[in-house]
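Asks: Dropping the structure in here first, questions after.
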Amino acid sequence: DSKIALVPGGPHPYFAAWEQAGKDAAKDFGLAAADYKVPQKWELSQQNQLLESLLTQGYNGFLIFPGDPVGSVSTVDELVSNGAPVVGGAGCFKDPSSASFCLGTDTGNSAYIGTKELLKTLTGTKKRIAHFTGFLVDPNTQLRIDAVKKAAEEEGATVVQVIADIDAPEPAEEKINAYLAAHANDVDGIITSAWVPAVVASNAVRKIGDKRIKMVAIDHDEVVLKAIKDGFVNGTMLQNPYGQGYIGTFVLDKLRSGCTVKTDAPFKKNALTDKFIDSGTAYVAADKVDTYVDAMRDTTKKLFETFQATYLTCK
Amino acid sequence: MASEIAFQATGIEKSFPGVKALKGVSLTLKTHSIHALLGENGAGKSTLIKIITGVHHPDAGRLILEGQEVHFASPREAIAHRVGVVHQERNLIPRFSVAENIHLEQLGASLLKPVDYANLNKQAARWLEALGLDIDPRTPVSRLSVAKMQLVEIAKALSLRSRVLLLDEPTASLTPSETDLLFSFLRKLRDSGASLLFVSHKLEEAQELCDSVTVLRDGSNACESRPMEGLGRQDIVRLMIGRAEGDGGWRKRDTPPGVPPAIELKNVETSLGHANVNLHVRKGEIVGLYGLVGAGRTELAKCILGQFPLTAGTVEIDGKPAKIRSVGEALHIHRVGYVSEDRKGEGLVLMHSVLGNAGITVWRPLSALLGFLTDRLVRHKVTPYIEKLEVKTPSLAQTVANLSGGNQQKISVAKWLAAGVKILLVDEPSVGIDIKTKAYLHDLLRELADNGTAILLITSDMPEMILLADRILVMNDYRLQGQLINDGSYAGMSEGIMNLIHRSEAA
Amino acid sequence: MNGSLANAMRSDWFGPLLVTIIAVVIVGSFNPSFLSPLNIQVLLLAIAVNGLIAFSQMLIIAIGQMNLSVGAIGGLCAIVFAGMMDVWHVPAPLAALSALSIGVICGIINGVLIARTGISAFVITLATLSVYKGINLGITHAQPFYNIAESVKSVGQGAIFGVVPWLMLPTMAVGLVLWFMLNRQPIGRFILAVGGNQHAAELSGISIENTVVTAHALSGFLAALAGLLLVARLQMGQPTIGDDWLILSFAAPVIGGAILAGGHVSVPATLLGVVIVAIITQALVLFDIDPFLVQVVLGAMILAAVGANRFRESRLSRKLKRL
Amino acid sequence: MSYPDLPAKGPSGDIVGKPRRNTAATRFYLTNEFGLIALIVLFALAFQFATDGFFSPFNLFSLGRIAAVNIMIGLAMMVVVITGGLNLAVGAIGVCAAMTCGYLIEVVGLPWPIAILSAVALGAMLGFINGWTSVRTGLHSFIITLATMSIFFGVMIFLTRAESYRALPPVFAAFGRMKLLGIFSPLLLVSLMAALFLGYLYNLTAVGREMLAAGAKPEAAEMSGINVGRIFIYCHMLSGALAACAALMLVARNGAAIPSMAGQLGQDWLLIAFLGPVLGGTLLTGGKASVLGTCLGAFLVTMLTSGLLLLQLGDFWIQSFLGLLLLAAVLMDKTRRTFLARRNMA
Ligand SMILES: Nc1ncnc2c1ncn2[C@@H]1O[C@H](COP(=O)(O)OP(=O)(O)OP(=O)(O)O)[C@@H](O)[C@H]1O
Ligand SMILES: Nc1ncnc2c1ncn2[C@@H]1O[C@H](COP(=O)(O)OP(=O)(O)OP(=O)(O)O)[C@@H](O)[C@H]1O
Ligand SMILES: [Mg+2]
Ligand SMILES: [Mg+2]
C-alpha cells in the first residue's frame with residue numbers, strides 16, 4: 001500500500017496547497033495515505049531527520065522540496081535504497097541523484113520570463129531594474145540572479161541593484177524600504193524572485209503610490225494579488241504547488257506499483273537536472289488575477305491527462 | 001542598665017553534605033551587651049550566624065527573639081525583624097554606589113517611588129563619618145579596597161538600626177586605628193540598648209570589647225554565654241582548642257651580611273604613584289612592609305609582578321635586572337610568588353575544589369610529556385601544606401566556596417607555599433585564620449626563610465609583623481618612610497613604626 | 001578637563017554616540033539621499049521595532065540571564081494580534097491588549113519557572129521558545145493573517161511631519177520609562193542589583209523571585225509590543241515574525257556596553273547600538289555592495305564600531321589611572 | 001621549633017584526602033550525568049512503548065548519526081563556554097572548513113587525508129582569529145564572534161558563490177552511510193574519540209586544568225601564574241578545530257560539502273551547540289565543563305526530537321511538544337536532585 005509523504009523544506013505558505021493536493025490524490029487514487037509533513041524549521045538537518053523518521057514510520061514514497069539541492073541527495077539515495085521512490089517537488093535535486101525526476105518550477109526560467117514581462121512594461125529609454133531575492137545559501141538564488149541579468153541584457157536594460165538574503169519579513173522590510181527611500185528615482189522596475197521580498201516590495205510600492213515604478217512579483221500571496229488588482233504591481237509569476245502535490249502523489253503511487261520512468265521521456269533540462277518536468281508557470285497580470293486558480297487547475301489537468309502516457313511505462 | 005534576654009538560640013543543628021557543621025549549639029544574647037563568639041576556623045561560627053539571619057535553615061533547634069519563637073525563611077524576614085548582620089564575606093553590588101549599597105534594604109518599601117539619591121547620600125555620609133571613612137558616598141564600591149568595603153558593609157548593617165546585630169569578623173582587614181573607631185561606635189550602640197554578637201580571631205579585641213562569650217569547638221558549645229570577666233586569654237584558648245597556647249615568640253634570625261639580595265628594587269616609580277622606592281630582600285630574610293590601609297603596599301607588590309607598569313627604576317632578581325610582565329613569568333621564569341590579600345577576588349577559584357586550588361601553582365612544573373598530569377602527583381605535592389595548616393575540609397574534592405572563611409585563606413596561602421618559589425611576596429596572609437593555625441603558618445614561613453626563600457611580608461597585623469619580620473620597612477602614601485631592625489619587643493617596635501608613619505604625615 | 005565632559009566621556013552612551021555621529025556624517029556625505037526625510041523615516045521605523053527587541057533582551061541581561069524566547073513571544077503575540085482581527089474581527093485596541101497580556105503571561109511563565117526551579121534561564125527560555133513558536137505554527141500553519149484593521153495599517157504607515165513614524169512613539173516612551181526605572185526606581189535598582197550580585201542582593205532582603213519574574217514579565221511585554229509594531233509595519237501577521245530577533249537582541253545591548261554577566265546595562269547606549277546596526281544595514285544597501293560581500297562588510301563594520309568604542313574606553317581608563 | 005605539644009597531623013575532625021564512605025556514590029547519583037542517563041533510559045522506554053520502530057535498526061542508526069554530529073557541535077561550543085565566553089561562529093567556521101576540504105579535493109586535487117587535516121587546521125586558525133581578537137581587544141567573545149561569524153561566512157559565500165563541492169572520493173559518503181553491527185554509525189566513534197580526547201585534556205593535563213581555572217575566575221588564575229590570554233586563545237582554536245570536525249562529519253553524511261549545511265551564517269548550529277553543554281552541566285559563566293554531560297545532553301535532545309517525530313503528533317505542533325518535553329525533562333531532573341539532596345542530608 002502506498003503511504004506517501006509530501007515534505008517541504010520548512011514551514012512556508014507556498015506549500016500549503018500540497019496538503020489538500022495530497023488528500024485529494026489519496027482519495028482519487030485510493031492510497032493508504034498522502035500526508036503533508038512539515039519540518040519545524042528551514043534547516044537541512046531537520047528535514048533529513050524528518051525524512052528518516054518518516055521512513056521508519058513506514059512511508060514509502062516521497063515528494064520532497066530539497067532543503068538543499070546537493071545536500072539532500074544522500075538522504076534521497078538512502079530513501080530510494082530502502083525502496084521508497086522520491087520525486088523532487090517545486091525544486092530539484094542536483095544530478096546525479098536517485099530521485100525519479102523533478103516536478104517543479106524552473107526557477108531560473110521563471111525569473112527570466114518575469115523579467116521579460118517587466119521589461120515589456122517599461123517604456124523609457126533607460127531601463128533600470130532592481131532585483132530582490134532570497135537567501136544566498138540557496139543555489140537557486142544564484143540561478144535567479146543570472147537569469148534576471150541575462151534577460152535584462154537581452155533587452156538592453158541594466159540591473160542596478162541586487163538585494164539578497166531577505167527571506168525574513170523584518171530585514172526585507174528594512175532593506176527594501178531603505179533602498180526605495182534612497183533610490184526610488186534611480187530605478188524604473190522591480191523584479192522579485194522570492195516570496196517574502198515579493199510581499200514586502202508590493203507593500204512598499206503601494207506606499208510610494210505613484211505607480212511609476214513597475215514591478216513583477218512571484219507567487220500568489222494575497223498581498224501581491226491585491227496589489228496587482230489595485231494596479232501597484234503589474235503581474236506575478238505564478239507557480240503550481242497544487243499540481244506538484246497532486247501529480248507527484250499520483251506518480252509516486254504508480255512508481256510503487258511497478259511503473260518506471262521512461263528514459264526517453266521529453267524531460268526538460270535545467271541547471272540542476274536533466275529530468276525536469278515543468279509543473280507550469282504562468283505570468284498573471286491584472287486581467288487574469290481573479291481567475292488564476294482556474295488557470296492553474298487547467299494546467300494541472302492538462303499535465304495530468306497526458307502524464308502517465310508521456311513519462312511512465314506501466315505494465 | 002537593665003539587661004534582659006534579647007535573643008536565644010537553643011540546640012541548633014546543621015549539616016552540609018559530608019559535614020556536620022553544628023551539633024546542638026546554644027547561644028543567648030542580652031540587651032546592652034556585646035557578646036563574643038569564638039572558635040577555630042571551621043568551628044561553625046559563620047554557619048550559626050547564617051542560621052540566625054535566615055540564610056541557612058537549621059535542621060533542628062529553636063530561635064527565640066524577644067520571647068517569641070521565630071523562623072526566618074529568608075534574609076528578608078530577618079531584616080524585617082530588625083536582625084542585622086555583617087557577613088564574613090563581602091556582599092556588595094560592585095557597580096552600585098556606596099550610599100546605595102548601604103541603603104539597599106530600605107529601598108524596598110515602595111517599588112515604584114523614585115529613589116531620593118540626594119537624601120540617600122546624605123544619610124550614607126553620616127554613617128561613613130561615624131566610622132571615620134572618608135569617601136564620597138557616590139563612589140561605586142568596586143573602586144574601594146577590601147578594607148573600605150568592609151567598613152561600607154558595617155555601615156550597611158548599622159543603617160538598619162537593628163536590635164540584634166551580628167558581626168562576623170568585621171575587623172579582619174582593618175588596621176588598629178579603624179578598629180578603635182569601630183569599637184567606640186559599637187560601645188555606643190551597646191549603651192543604647194542593642195544586643196551585639198562579635199566574631200574575631202584577634203582575642204585581644206574580643207577581650208577588650210565584649211562582656212560575655214560563647215566558644216564553639218567543632219560545631220558544639222565549648223562554653224555557652226558566660227561572662228567575659230574572669231576569663232584570661234589562656235582560658236579562652238583552652239576552650240577553643242582544648243589546651244593552652246604554646247608560646248610561639250619572636251626569634252632572632254640572622255642572615256649573614258654577605259648574602260646577596262634575592263630581589264632588589266632600585267629607585268622604582270610606578271604608574272600608580274609610588275616614587276623612589278628602594279628596597280631589597282636577601283635570601284633567607286623576612287622583610288616586613290608595614291603601612292596603614294591605602295599606603296600602597298599591595299600596589300607595590302602588584303607592580304613588581306607586572307600588573308601595573310613601572311615608570312622608572314629597575315627590579316633586580318639575583319642581581320640581574322628583570323622585566324616581569326605577568327604573574328606567570330614571575331612564577332615560572334623568576335620564581336617569584338605572591339599571596340594575594342583578596343582571597344575571594346584574586347586568591348581562589350571559589351567554584352573549584354580544594355585540590356584544584358591548592359595545586360594551581362604546581363601544575364606546570366609537575367606536568368610531564370604533553371602536559372600529562374594526574375591528581376595523585378598534585379595531591380602528593382600539596383597535601384603536606386594542607387595538613388600542616390590544618391585545613392578543615394571533608395575531602396580534597398570539596399568546593400572551596402563551601403569551606404569556612406579561615407580555611408579558604410589557608411588554601412590561598414598553601415598553594416604558594418607549595419609552589420616552592422625563591423622569592424615570596426605575602427600580603428595579609430593570616431586574615432581570618434585562627435590563633436592556632438596562625439602559629440603554624442608563622443612556623444611555615446620561618447621554615448621557608450630558613451631554607452633560603454626571601455620573603456616580603458605585608459601585613460596590617462602589627463603583632464604578626466613584629467613576631468615574624470627581621471627588618472620592618474614602613475610605607476606611607478606610596479613612599480618608603482624608613483626601616484627598623486626588629487628586636488622583637490612589641491612596645492618599642494610599634495612605637496617606632498608609628499613614629500615613622502606620623503613623621504611623614506606631619507611633613 | 002571639564003568635569004561634565006569627563007563624566008560624559010566615561011558614560012556608556014558616549015562611545016556609541018560618537019560612532020553614530022561619525023557613521024551619519026560618513027554615509028550622509030557619500031550619499032546625500034541618506035538624510036532625506038523619507039530615508040530617515042525608514043531608518044526610524046527599523047529603530048522603533050529593533051529598539052523594543054533590544055530593550056526586551058536588555059532587561060534580562062540586566063538580571064544576568066538570557067531570554068532566548070524574545071522572538072518566539074514577539075511572533076506569538078504578533079499572530080495573536082493579527083489573528084484576532086482577521087478571524088474574529090476583534091477591534092484593534094482589544095486585540096492589542098490581549099496580545100500584550102499574552103506577552104506578559106509568557107514572560108511570567110519564563111520568570112516563574114526560572115526563579116522557582118533554579119534551572120538556568122538559558123534552558124528554560126530555550127524550551128519555552130519551542131513551546132511558544134510551536135503554538136504560533138500550530139495556530140497559523142505557517143500562513144500569514146492578512147486582514148488587519150485599517151487603523152493599524154495607517155498607524156504603521158503614518159509619520160509625524162512626514163519624518164517621525166508613529167511607531168517611534170511607543171519605543172521612545174518605553175525607552176524613557178526604562179531609563180527612569182533602571183536609574184531611579186527601586187524595582188529597576190533591584191533588577192540591576194540581582195544582576196550585579198545575586199547573593200548579595202538576596203542577603204540585602206531583595207526578593208529574587210519577585211525581581212526575576214518582574215524582569216521577565218516586562219521583557220515579555222516589550223517583545224509583544226515589538227511584535228505588534230511589526231504587524232503594523234508589515235501590514236500583516238507573519239508567522240515568521242521573531243525568527244531572527246535573537247542575535248540583534250543581544251548585539252545592540254552589548255554594543256551599548258552591557259555586561260552579559262549582568263548588573264550593568266544602559267538604555268541610551270542600547271538604543272544607540274540599535275541605531276548603529278540600522279545605519280550599517282542601510283549603508284550596505286545604499287552603497288550597492290555586492291550581495292555576496294554584504295555579510296563580510298557587515299561583520300567588519302560591527303567590529304570597527306565596537307572596536308572604536310573600546311579603544312576610547314581603554315585610552316580613557318589609562319588616563320584616569322594616571323591622574 | 002616551638003609548640004612541642006602539637007600533634008603533627010590535623011585533629012581527627014580533618015578528613016583530608018579520605019572521602020567519607022558513601023559520598024562518592026551519592027555524589028555520582030547527584031550528578032547531571034546520572035540524571036541525563038536516567039532521563040535517556042526513561043524516555044527511550046516511553047518512546048519504545050508509544051511508537052513502533054523506535055528501536056528499529058534504521059532508526060537507531062539514523063539517531064546515532066544525527067547525535068554524533070550534534071555531540072561534536074556541542075563539544076565545539078563547550079570548549080569555549082568553559083572560558084565564560086562563547087563562539088557564535090561555530091557554524092560559520094565549520095562551513096568554511098568543510099568548503100575548504102571540498103575545494104582542496106575537487107579543485108586542487110589533494111588526497112583526502114591531507115584535505116581533511118588542512119580543513120581542521122583552518123578551523124583552528126579561524127578560532128585563533130576569534131580568540132586573539134577577543135583577548136587583545138578585551139571585548140566579550142560574543143561580539144567578536146558575532147562579527148566574525150558574518151565575516152567568515154560572507155567570505156566563504158563570496159568565494160564559492162554558494163556552489164557545493166560534491167566530487168568527493170567515495171570514502172566520504174561510504175563512511176557516512178556505513179553501519180557497524182547494523183545499527184551504529186562510525187560517526188559516533190569520531191565523536192567518542194573527540195570526547196575522550198577532551199576528557200583526557202581536562203582531567204589529565206596541565207593545560208586543561210589551566211583552561212578550567214582561567215575560565216572560572218580569570219583574575220585569580222592570572223594571579224596564580226596562568227597566562228589567561230594565551231589559554232583563552234587555545235580554547236578558541238580548539239573550538240574551531242572541533243567545529244571543523246563536526247562539519248566534516250556532515251560532509252560525510254551528506255556526501256558533499258555544501259554552503260547551506262549550517263544554515264544562513266551557520267546559525268542553525270547554535271541552539272544545539274548550546275543545548276548539549278548546558279543540559280550537561282556546563283556553566284555558561286565558565287569554569288566548569290562536563291564532557292560526558294555534553295555528549296549525553298546532545299544525545300537526549302536528538303532522541304527527544306526523533307521520538308516526537310515518530311509519535312506523529314500534529315505536524316505544526318511538534319515544536320511545542322519538543323519544548324514541553326524538554327521542560328519536563330529538566331524539571332524531572334531538578335526534582336530528582338532536590339529529593340536526593342534532602343534525603344542525603346537528613
Ligand atoms: N555551604 C556549605 N557547604 C558545605 N559545607 C559548609 C558550607 N558552609 C560551611 N560549611 C562547613 O561548615 C563548617 C563550619 O563552617 P563555618 O563557616 O561556620 O566556620 P567558621 O567558624 O565561621 O570558621 P572561620 O573562622 O574560618 O570563618 C566548616 O567545616 C565548613 O566547611
Ligand atoms: N582604580 C582605582 N580607583 C580608585 N581607587 C583605587 C583604585 N585602585 C586602587 N585604589 C585605591 O588605592 C588604595 C590603596 O589600596 P590598598 O588599601 O590595598 O593599599 P595597601 O597599602 O595595600 O593597604 P593594605 O594592604 O593595608 O590594604 C585603596 O584605597 C584603593 O581603593
Ligand atoms: Mg566564618
Ligand atoms: Mg593591601
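Residue numbering restarts at 1 for every chain of the C-alpha cells, chains are lettered A, B, ... in their displayed order, and ligands are numbered from 1 as they appear.
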I need the contact residues of chain C against chain A, so if you could list those with any atom within 7 Å, counting only C-alpha atoms, and return them as a PyMOL selection string, that would help.

Replies: chain C and resi 33-34+38-39+42+46+142-143+240-241+282+285-286+288+291

Asks: Write the residues of the selection above to a file with N, CA and C atoms, as a CSV table (one decimal), in the first residue's frame.

Replies:
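Final output, saved to again.csv:
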chain,number,residue,atom,x,y,z
C,33,SER,N,21.2,61.3,-0.2
C,33,SER,CA,19.8,60.9,0.0
C,33,SER,C,19.6,60.2,1.3
C,34,PHE,N,20.7,59.8,1.9
C,34,PHE,CA,20.6,59.2,3.2
C,34,PHE,C,19.9,60.0,4.2
C,38,LEU,N,12.4,60.9,3.8
C,38,LEU,CA,11.9,59.5,3.6
C,38,LEU,C,12.8,58.5,4.2
C,39,ASN,N,14.1,58.7,3.9
C,39,ASN,CA,15.1,57.7,4.4
C,39,ASN,C,15.2,57.7,5.9
C,42,VAL,N,12.4,55.7,7.2
C,42,VAL,CA,12.7,54.3,7.1
C,42,VAL,C,13.6,53.8,8.2
C,46,ALA,N,12.9,51.1,11.4
C,46,ALA,CA,13.7,50.0,11.8
C,46,ALA,C,14.1,50.1,13.2
C,142,ALA,N,1.7,28.2,9.4
C,142,ALA,CA,2.7,29.0,8.6
C,142,ALA,C,2.0,29.9,7.6
C,143,GLN,N,0.7,30.1,7.7
C,143,GLN,CA,0.0,31.0,6.8
C,143,GLN,C,-0.1,32.4,7.5
C,240,THR,N,6.4,34.2,10.7
C,240,THR,CA,7.9,34.2,10.8
C,240,THR,C,8.4,35.3,11.6
C,241,ILE,N,7.5,36.2,12.0
C,241,ILE,CA,8.0,37.4,12.8
C,241,ILE,C,8.7,36.8,14.1
C,282,GLN,N,21.6,49.9,6.5
C,282,GLN,CA,21.2,50.8,5.4
C,282,GLN,C,22.3,51.2,4.5
C,285,VAL,N,23.0,48.8,1.8
C,285,VAL,CA,22.1,48.9,0.7
C,285,VAL,C,22.4,50.1,-0.2
C,286,LEU,N,22.6,51.2,0.5
C,286,LEU,CA,22.8,52.4,-0.2
C,286,LEU,C,24.0,52.4,-1.1
C,288,ASP,N,25.2,49.8,-2.5
C,288,ASP,CA,25.2,48.8,-3.5
C,288,ASP,C,26.4,47.8,-3.4
C,291,PRO,N,26.0,41.6,-3.2
C,291,PRO,CA,25.3,40.9,-2.2
C,291,PRO,C,26.1,39.8,-1.5

Asks: So which residues of segment 37-211 of chain C fall under alpha helix (DSSP H) by DSSP, listed as a PyMOL selection string?

Replies: chain C and resi 37-62+70-87+92-117+121-140+150-157+168-184+186-196+198-203+208-211

Asks: DSSP on the backbone, strand (DSSP E or B) only: what residues of segment 124-324 of chain B does that give? Format it as a count of residues only.

Replies: 56

Asks: If you count only C-alpha atoms, which residues fall within 10 Å of Phe43 of chain D, apart from same-chain ones fewer than 5 positions away, as a PyMOL selection string?

Replies: chain D and resi 37-38+48-49+300+303-304+307+325+329

Asks: With 9 Å as the limit and counting only C-alpha atoms, what residues in chain D lie close to chain C? Please list them as a ChimeraX atom specification.

Replies: /D:137-140,142-144,146-155,157-159,161,265,271,274-275,278-279,283-285,314-327,330-331,334-335

Asks: Do you know which residues are within 9 Å of ligand 1 using only C-alpha atoms and all ligand atoms? Can you write them as an MDAnalysis selection string?

Replies: (chainID B and resid 14:22 38:50 56 88 168:169 199:201 216:219 392:394 398:409 432:434) or (chainID D and resid 14)

Asks: What is the atom CA of Glu264 of chain B to atom CA of Leu279 of chain B distance in Å?

Replies: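 One can read the atom CA of Glu264 of chain B to atom CA of Leu279 of chain B distance as 5.8 Å.
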
Asks: Write out as a PyMOL selection string each polymer residue (protein, DNA or RNA) that has an atom no more than 7 Å from ligand 4, with only C-alpha atoms and all ligand atoms counted.

Replies: chain B and resi 293-294+296-298+341+427

Asks: Output the contact residues of chain B with respect to chain D at a cut-off of 7 Å, based on only C-alpha atoms, as a ChimeraX atom specification.

Replies: /B:15-17,246-248,327-328,331,345-349,360-361,363-364,367,371-374,387-388,390,392-396

Asks: Only N, CA and C atoms, please: the residues just picked out, written as a JSON list (two decimals), in the first residue's frame.

Replies:
[["chain", "number", "residue", "atom", "x", "y", "z"],
["B", 15, "SER", "N", 23.63, 20.35, 59.06],
["B", 15, "SER", "CA", 24.55, 19.50, 58.29],
["B", 15, "SER", "C", 24.67, 20.02, 56.87],
["B", 16, "PHE", "N", 25.86, 19.93, 56.34],
["B", 16, "PHE", "CA", 26.06, 20.10, 54.91],
["B", 16, "PHE", "C", 26.51, 18.76, 54.38],
["B", 17, "PRO", "N", 26.39, 18.56, 53.06],
["B", 17, "PRO", "CA", 26.83, 17.26, 52.54],
["B", 17, "PRO", "C", 28.24, 16.95, 53.02],
["B", 246, "GLY", "N", 50.80, 27.35, 72.94],
["B", 246, "GLY", "CA", 52.26, 27.33, 73.09],
["B", 246, "GLY", "C", 52.76, 28.75, 72.90],
["B", 247, "ASP", "N", 53.99, 29.04, 73.36],
["B", 247, "ASP", "CA", 54.41, 30.42, 73.15],
["B", 247, "ASP", "C", 55.33, 30.50, 71.94],
["B", 248, "GLY", "N", 54.73, 30.86, 70.86],
["B", 248, "GLY", "CA", 55.50, 31.00, 69.61],
["B", 248, "GLY", "C", 56.02, 32.41, 69.53],
["B", 327, "VAL", "N", 52.22, 37.45, 36.28],
["B", 327, "VAL", "CA", 52.50, 36.55, 37.38],
["B", 327, "VAL", "C", 53.06, 35.23, 36.85],
["B", 328, "GLY", "N", 52.59, 34.87, 35.66],
["B", 328, "GLY", "CA", 53.08, 33.65, 35.05],
["B", 328, "GLY", "C", 54.59, 33.70, 34.85],
["B", 331, "LEU", "N", 56.35, 33.62, 38.22],
["B", 331, "LEU", "CA", 56.39, 32.29, 38.83],
["B", 331, "LEU", "C", 57.33, 31.36, 38.07],
["B", 345, "GLY", "N", 38.64, 37.61, 45.45],
["B", 345, "GLY", "CA", 38.78, 38.21, 44.13],
["B", 345, "GLY", "C", 39.91, 37.62, 43.31],
["B", 346, "GLU", "N", 41.07, 37.45, 43.96],
["B", 346, "GLU", "CA", 42.23, 37.03, 43.18],
["B", 346, "GLU", "C", 42.90, 35.78, 43.70],
["B", 347, "GLY", "N", 42.57, 35.42, 44.92],
["B", 347, "GLY", "CA", 43.33, 34.33, 45.53],
["B", 347, "GLY", "C", 42.83, 32.96, 45.13],
["B", 348, "LEU", "N", 41.52, 32.82, 45.03],
["B", 348, "LEU", "CA", 40.97, 31.48, 44.89],
["B", 348, "LEU", "C", 39.99, 31.40, 43.74],
["B", 349, "VAL", "N", 39.92, 30.22, 43.16],
["B", 349, "VAL", "CA", 38.85, 29.91, 42.22],
["B", 349, "VAL", "C", 37.78, 29.24, 43.06],
["B", 360, "ILE", "N", 47.28, 24.73, 41.87],
["B", 360, "ILE", "CA", 47.30, 25.55, 40.65],
["B", 360, "ILE", "C", 48.71, 26.04, 40.30],
["B", 361, "THR", "N", 49.55, 26.30, 41.32],
["B", 361, "THR", "CA", 50.88, 26.82, 41.02],
["B", 361, "THR", "C", 51.87, 25.73, 40.63],
["B", 363, "TRP", "N", 51.00, 22.86, 38.76],
["B", 363, "TRP", "CA", 50.62, 22.07, 37.58],
["B", 363, "TRP", "C", 51.73, 22.05, 36.55],
["B", 364, "ARG", "N", 52.16, 23.26, 36.17],
["B", 364, "ARG", "CA", 53.16, 23.38, 35.13],
["B", 364, "ARG", "C", 54.42, 22.59, 35.46],
["B", 367, "SER", "N", 53.93, 18.77, 35.44],
["B", 367, "SER", "CA", 53.40, 18.04, 34.31],
["B", 367, "SER", "C", 54.52, 17.45, 33.46],
["B", 371, "GLY", "N", 52.10, 17.61, 28.75],
["B", 371, "GLY", "CA", 51.32, 18.19, 29.84],
["B", 371, "GLY", "C", 50.61, 17.17, 30.69],
["B", 372, "PHE", "N", 51.01, 15.92, 30.59],
["B", 372, "PHE", "CA", 50.31, 14.87, 31.33],
["B", 372, "PHE", "C", 50.49, 15.07, 32.83],
["B", 373, "LEU", "N", 49.40, 14.97, 33.56],
["B", 373, "LEU", "CA", 49.42, 15.30, 34.98],
["B", 373, "LEU", "C", 48.28, 14.57, 35.67],
["B", 374, "THR", "N", 48.58, 13.88, 36.74],
["B", 374, "THR", "CA", 47.49, 13.19, 37.45],
["B", 374, "THR", "C", 47.22, 13.86, 38.79],
["B", 387, "GLU", "N", 47.84, 19.79, 55.28],
["B", 387, "GLU", "CA", 47.76, 19.16, 56.59],
["B", 387, "GLU", "C", 48.42, 20.02, 57.65],
["B", 388, "LYS", "N", 49.56, 20.59, 57.29],
["B", 388, "LYS", "CA", 50.26, 21.41, 58.27],
["B", 388, "LYS", "C", 49.41, 22.60, 58.69],
["B", 390, "GLU", "N", 46.26, 22.56, 58.79],
["B", 390, "GLU", "CA", 45.02, 22.02, 59.35],
["B", 390, "GLU", "C", 43.79, 22.54, 58.63],
["B", 392, "LYS", "N", 40.39, 22.43, 57.32],
["B", 392, "LYS", "CA", 39.27, 21.57, 57.72],
["B", 392, "LYS", "C", 38.32, 21.41, 56.55],
["B", 393, "THR", "N", 38.36, 20.25, 55.95],
["B", 393, "THR", "CA", 37.51, 20.00, 54.79],
["B", 393, "THR", "C", 37.14, 18.53, 54.75],
["B", 394, "PRO", "N", 35.92, 18.22, 54.31],
["B", 394, "PRO", "CA", 35.54, 16.80, 54.26],
["B", 394, "PRO", "C", 36.42, 16.01, 53.31],
["B", 395, "SER", "N", 36.87, 16.63, 52.23],
["B", 395, "SER", "CA", 37.78, 15.93, 51.33],
["B", 395, "SER", "C", 38.46, 16.95, 50.45],
["B", 396, "LEU", "N", 39.47, 16.49, 49.74],
["B", 396, "LEU", "CA", 40.16, 17.41, 48.83],
["B", 396, "LEU", "C", 39.27, 17.78, 47.65]]

Asks: Fewer than 3 positions away in the same chain doesn't count, so skip those; otherwise give me all residues within 10 Å of Leu246 of chain C, counting only C-alpha atoms, as a list of chain:residue names.

Replies: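 Non-adjacent residues within range: C:Ile53, C:Ala54, C:Gln57, C:Asn67, C:Leu68, C:Ser69, C:Val70, C:Gly71, C:Ala72, C:Gly242, C:Asp243, C:Ser249, C:Phe250, C:Ala251.
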
Asks: Please build the interface table for chain A against chain D with a cut-off of 8 Å, listing for each qualifying residue the nearest atom pair and the distance in Å to one decimal; count only C-alpha atoms, order rows by chain and increasing number, and write it as a tab-separated table.

Replies:
residue	atom	partner	partner_atom	distance
A:Lys37	CA	D:Asp315	CA	6.2
A:Val38	CA	D:Asp315	CA	6.1
A:Pro39	CA	D:Asp315	CA	7.9
A:Gln40	CA	D:Gln319	CA	6.4
A:Glu43	CA	D:Gly263	CA	6.4
A:Leu44	CA	D:Met261	CA	6.5
A:Ser45	CA	D:Met261	CA	7.6
A:Gln49	CA	D:Ser306	CA	7.4
A:Leu50	CA	D:Leu309	CA	6.8
A:Glu52	CA	D:Ser62	CA	6.9
A:Ser53	CA	D:Leu310	CA	6.2
A:Leu54	CA	D:Leu310	CA	7.4
A:Thr56	CA	D:Gly53	CA	6.2
A:Gln57	CA	D:Leu310	CA	6.5
A:Asp68	CA	D:Ser260	CA	7.1
A:Val70	CA	D:Ser164	CA	6.9
A:Gly71	CA	D:Asn254	CA	5.4
A:Ser72	CA	D:Asn254	CA	6.9
A:Val73	CA	D:Asn254	CA	7.2
A:Ser74	CA	D:Asn254	CA	5.3
A:Thr75	CA	D:Asn254	CA	7.3
A:Phe135	CA	D:Gln264	CA	7.5
A:Leu136	CA	D:Ala162	CA	6.7
A:Val137	CA	D:Ser260	CA	5.2
A:Asp138	CA	D:Ser260	CA	7.0
A:Pro139	CA	D:Ala162	CA	5.9
A:Gln142	CA	D:Arg161	CA	7.6

Asks: Neighbouring residues of segment 173-175 of chain C were defined as those with any atom within 9 Å, considering only C-alpha atoms; residues of the same chain fewer than 3 positions away were excluded. Please report them as a VMD selection string.

Replies: chain C and resid 51 to 52 55 168 to 170 178 to 180 222 267 to 268 271

Asks: Please, which residues have at least one atom within 9 Å of an atom of ligand 2, using only C-alpha atoms and all ligand atoms, listed as a ChimeraX atom specification?

Replies: /B:139,142-149,173-175,272,290-301,341,427-428,458-460,475-478 /C:317,320-321

Asks: Can you check which parts of chain C lie within 8 Å of chain B? Per residue, the shortest pair of atoms and distance in Å to one decimal, counting only C-alpha atoms, sorted by chain and number, as CSV.

Replies:
residue,atom,partner,partner_atom,distance
C:Met181,CA,B:Leu112,CA,7.9
C:Arg184,CA,B:Pro114,CA,5.2
C:Gln185,CA,B:Pro114,CA,4.6
C:Pro186,CA,B:Leu111,CA,5.0
C:Ile187,CA,B:Leu111,CA,4.9
C:Ala193,CA,B:Ile93,CA,6.0
C:Gly196,CA,B:Ile93,CA,5.6
C:Asn197,CA,B:Ile93,CA,5.6
C:His199,CA,B:Asn91,CA,7.3
C:Ala200,CA,B:Asn91,CA,4.6
C:Ala201,CA,B:Ile93,CA,7.4
C:Glu202,CA,B:Pro75,CA,6.9
C:Leu203,CA,B:Pro75,CA,5.4
C:Ser204,CA,B:Glu105,CA,5.4
C:Gly205,CA,B:Arg76,CA,3.9
C:Ile206,CA,B:Arg76,CA,6.7
C:Ser207,CA,B:Arg76,CA,7.5
C:Gly263,CA,B:Arg95,CA,7.4
C:His264,CA,B:Arg95,CA,7.5
C:Lys321,CA,B:Leu272,CA,7.1
C:Arg322,CA,B:Ser271,CA,6.2
